[in-house]
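Trainee: Below you'll find the structure I mean.
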Amino acid sequence: MSVQTKDKEAHQRLNYLYQAAHCVLSQNPENVELARFYCFTQRTIARRLVLRQDPSVKRTLCKKCCSLLIPGVTATARQRRKKGKTPFTVVRCLSCGQTKTLRNNPDYCLWVDRPEAQMQQREQPVTGPPLKKQIKPEEPDGSVSSRSSAAPSRTSKR
């Protein structure tokens, strides 16, 4: 149970750092370095504790420089379309120039938002074989053998 509280505290810390980065940029758009530091710390903590972040959070962070991608402030967003394909958004970081392409398919649904994913987060029953009570074979003299019935003994010949 301590693992769940540890994860909960870590997620709260990640959420706080993400909100702090947004708050810093909303108050002073020129203070990009502090917001980048908060995002870098957030990513470092998530990696160290092996925690998955929500896709909506990952989409707003630059993978290269850990900058928070806010269109018009730290990033540019452009709508593109190729012939016969669904439109997509290209987000370009103004700090490092890294681009991120996001699909605009209205029918597309993230795996996290699907009902199957919600079923996996619930408590899963054990899918292994049922545990059977192992009966130890009796020796001819009436004593119980020390060998288990599941693992026959091996005799080595050299």
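Residues are referred to by chain and number: the chain letter is A, B, ... according to the order shown in the structure tokens, the number counts from 1 in that chain, and ligands are numbered separately from 1 in the order shown.
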Report as a short mmCIF file (atom, residue, chain, number, x, y, z; two decimals) with N, CA, C and O atoms, in the first residue's frame all protein, DNA and RNA residues lying within 12 Å of Lys85 (chain A), evaluated on only C-alpha atoms, omitting residues in the same chain fewer than 3 positions from it.
Mentor:
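Heads up, here's the output in part36.cif:
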data_model
loop_
_atom_site.label_atom_id
_atom_site.label_comp_id
_atom_site.auth_asym_id
_atom_site.auth_seq_id
_atom_site.Cartn_x
_atom_site.Cartn_y
_atom_site.Cartn_z
N ARG A 80 -1.90 21.60 -41.25
CA ARG A 80 -1.46 21.09 -42.55
C ARG A 80 -2.39 19.97 -43.01
O ARG A 80 -3.07 19.34 -42.20
N ARG A 81 -2.35 19.72 -44.34
CA ARG A 81 -3.15 18.63 -44.90
C ARG A 81 -2.47 18.11 -46.14
O ARG A 81 -2.05 18.88 -47.00
N LYS A 82 -2.34 16.80 -46.22
CA LYS A 82 -1.83 16.18 -47.43
C LYS A 82 -3.02 15.66 -48.23
O LYS A 82 -4.09 15.41 -47.68
N PHE A 88 -3.49 17.49 -40.02
CA PHE A 88 -2.67 17.36 -38.84
C PHE A 88 -2.12 18.72 -38.43
O PHE A 88 -2.12 19.66 -39.21
N ARG A 103 -2.10 14.38 -35.15
CA ARG A 103 -3.21 14.14 -36.06
C ARG A 103 -4.46 14.87 -35.59
O ARG A 103 -4.69 15.03 -34.41
N ASN A 104 -5.28 15.30 -36.54
CA ASN A 104 -6.53 15.99 -36.24
C ASN A 104 -7.75 15.14 -36.59
O ASN A 104 -8.80 15.67 -36.88
N ASN A 105 -7.63 13.85 -36.58
CA ASN A 105 -8.73 12.97 -36.92
C ASN A 105 -9.78 13.03 -35.81
O ASN A 105 -9.51 12.64 -34.68
#
Trainee: Give me the residues within 6 Å of Leu69 (chain A) as an NGL selection string, counting only C-alpha atoms and dropping any in the same chain fewer than 6 places off.
Mentor: :A and (60-61 or 75)
Trainee: Where does DSSP see strand (DSSP E or B) in region 29-127 of chain A, if you list the residues as JSON, numbers by chain?
Mentor: {"A": [61, 68, 71, 75, 76, 77, 78, 79, 80, 88, 89, 90, 91, 92, 93, 99, 100, 101, 102, 103]}
Trainee: For CA of Lys63 (chain A) and CA of Thr101 (chain A), quote the distance in Å rounded to one decimal.
Mentor: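 According to the coordinates, CA of Lys63 (chain A) and CA of Thr101 (chain A) are separated by 12.4 Å.
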Trainee: In Å, rounded to a single decimal, give me how far CA of Ile70 (chain A) is from CA of Ser26 (chain A).
Mentor: 9.9 Å
Trainee: Could you pull the residues within 12 Å of Leu17 (chain A), counting only C-alpha atoms, minus those fewer than 6 positions along the same chain, as a ChimeraX atom specification?
Mentor: /A:10-11,23-24,34-46,57,68
Trainee: Please report, as a tab-separated table, each residue of region 29-54 of chain A lying at most 12 Å from region 108-116 of chain A, together with the nearest pair of atoms and the separation in Å rounded to one decimal; use only C-alpha atoms, and order rows by chain and ascending residue number.
Mentor:
residue	atom	partner	partner_atom	distance
A:Arg52	CA	A:Val112	CA	11.2
A:Gln53	CA	A:Val112	CA	10.8
A:Asp54	CA	A:Val112	CA	8.3
Trainee: Using only C-alpha atoms, which of A:Thr76, A:Gln118, A:Gln12, A:Gln27 sits nearest Leu94 (chain A)?
Mentor: A:Thr76
Trainee: Need the shell around Cys62 (chain A): protein/DNA/RNA residues with any atom at most 9 Å away, counting only C-alpha atoms. Skip same-chain ones fewer than 3 positions apart. Format as a PDB file with N, CA and C atoms, in the first residue's frame?
Mentor:
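Contents of the output file part_12.pdb:
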ATOM      1  N   LYS A  58       2.232  15.143 -22.245  1.00  0.00           N
ATOM      2  CA  LYS A  58       3.387  14.874 -23.100  1.00  0.00           C
ATOM      3  C   LYS A  58       3.327  15.664 -24.405  1.00  0.00           C
ATOM      4  N   ARG A  59       2.130  15.933 -24.887  1.00  0.00           N
ATOM      5  CA  ARG A  59       1.988  16.685 -26.130  1.00  0.00           C
ATOM      6  C   ARG A  59       2.369  18.147 -25.984  1.00  0.00           C
ATOM      7  N   CYS A  65      14.224  20.052 -25.743  1.00  0.00           N
ATOM      8  CA  CYS A  65      14.721  21.056 -24.781  1.00  0.00           C
ATOM      9  C   CYS A  65      13.865  21.169 -23.522  1.00  0.00           C
ATOM     10  N   CYS A  66      12.847  20.337 -23.367  1.00  0.00           N
ATOM     11  CA  CYS A  66      11.962  20.325 -22.191  1.00  0.00           C
ATOM     12  C   CYS A  66      11.205  21.637 -22.006  1.00  0.00           C
ATOM     13  N   SER A  67      10.956  22.351 -23.066  1.00  0.00           N
ATOM     14  CA  SER A  67      10.219  23.603 -22.986  1.00  0.00           C
ATOM     15  C   SER A  67       8.726  23.312 -23.038  1.00  0.00           C
ATOM     16  N   LEU A  68       7.945  24.142 -22.361  1.00  0.00           N
ATOM     17  CA  LEU A  68       6.494  24.014 -22.400  1.00  0.00           C
ATOM     18  C   LEU A  68       5.995  24.629 -23.704  1.00  0.00           C
ATOM     19  N   LEU A  69       5.255  23.865 -24.501  1.00  0.00           N
ATOM     20  CA  LEU A  69       4.814  24.323 -25.820  1.00  0.00           C
ATOM     21  C   LEU A  69       3.440  24.990 -25.727  1.00  0.00           C
ATOM     22  N   ARG A  92       5.856  23.705 -33.581  1.00  0.00           N
ATOM     23  CA  ARG A  92       7.298  23.918 -33.654  1.00  0.00           C
ATOM     24  C   ARG A  92       7.754  24.721 -32.442  1.00  0.00           C
ATOM     25  N   CYS A  93       8.747  24.189 -31.732  1.00  0.00           N
ATOM     26  CA  CYS A  93       9.306  24.859 -30.561  1.00  0.00           C
ATOM     27  C   CYS A  93      10.147  26.046 -31.025  1.00  0.00           C
ATOM     28  N   CYS A  96      14.252  25.529 -29.670  1.00  0.00           N
ATOM     29  CA  CYS A  96      15.215  24.631 -30.321  1.00  0.00           C
ATOM     30  C   CYS A  96      14.853  24.282 -31.758  1.00  0.00           C
ATOM     31  N   GLN A  98      12.527  22.104 -32.732  1.00  0.00           N
ATOM     32  CA  GLN A  98      11.976  20.747 -32.838  1.00  0.00           C
ATOM     33  C   GLN A  98      10.506  20.823 -33.236  1.00  0.00           C
ATOM     34  N   THR A  99      10.084  19.940 -34.149  1.00  0.00           N
ATOM     35  CA  THR A  99       8.678  19.924 -34.576  1.00  0.00           C
ATOM     36  C   THR A  99       7.996  18.674 -34.049  1.00  0.00           C
ATOM     37  N   LYS A 100       6.714  18.820 -33.825  1.00  0.00           N
ATOM     38  CA  LYS A 100       5.886  17.718 -33.341  1.00  0.00           C
ATOM     39  C   LYS A 100       4.632  17.692 -34.189  1.00  0.00           C
TER      40      LYS A 100
END
Trainee: I need the residue nearest Glu33 (chain A) from this list: A:Pro106, A:Ser95, A:Asn15, A:Pro55. Use only C-alpha atoms for the distance.
Mentor: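 Among A:Pro106, A:Ser95, A:Asn15, A:Pro55, it is A:Ser95 that comes nearest to Glu33 (chain A).
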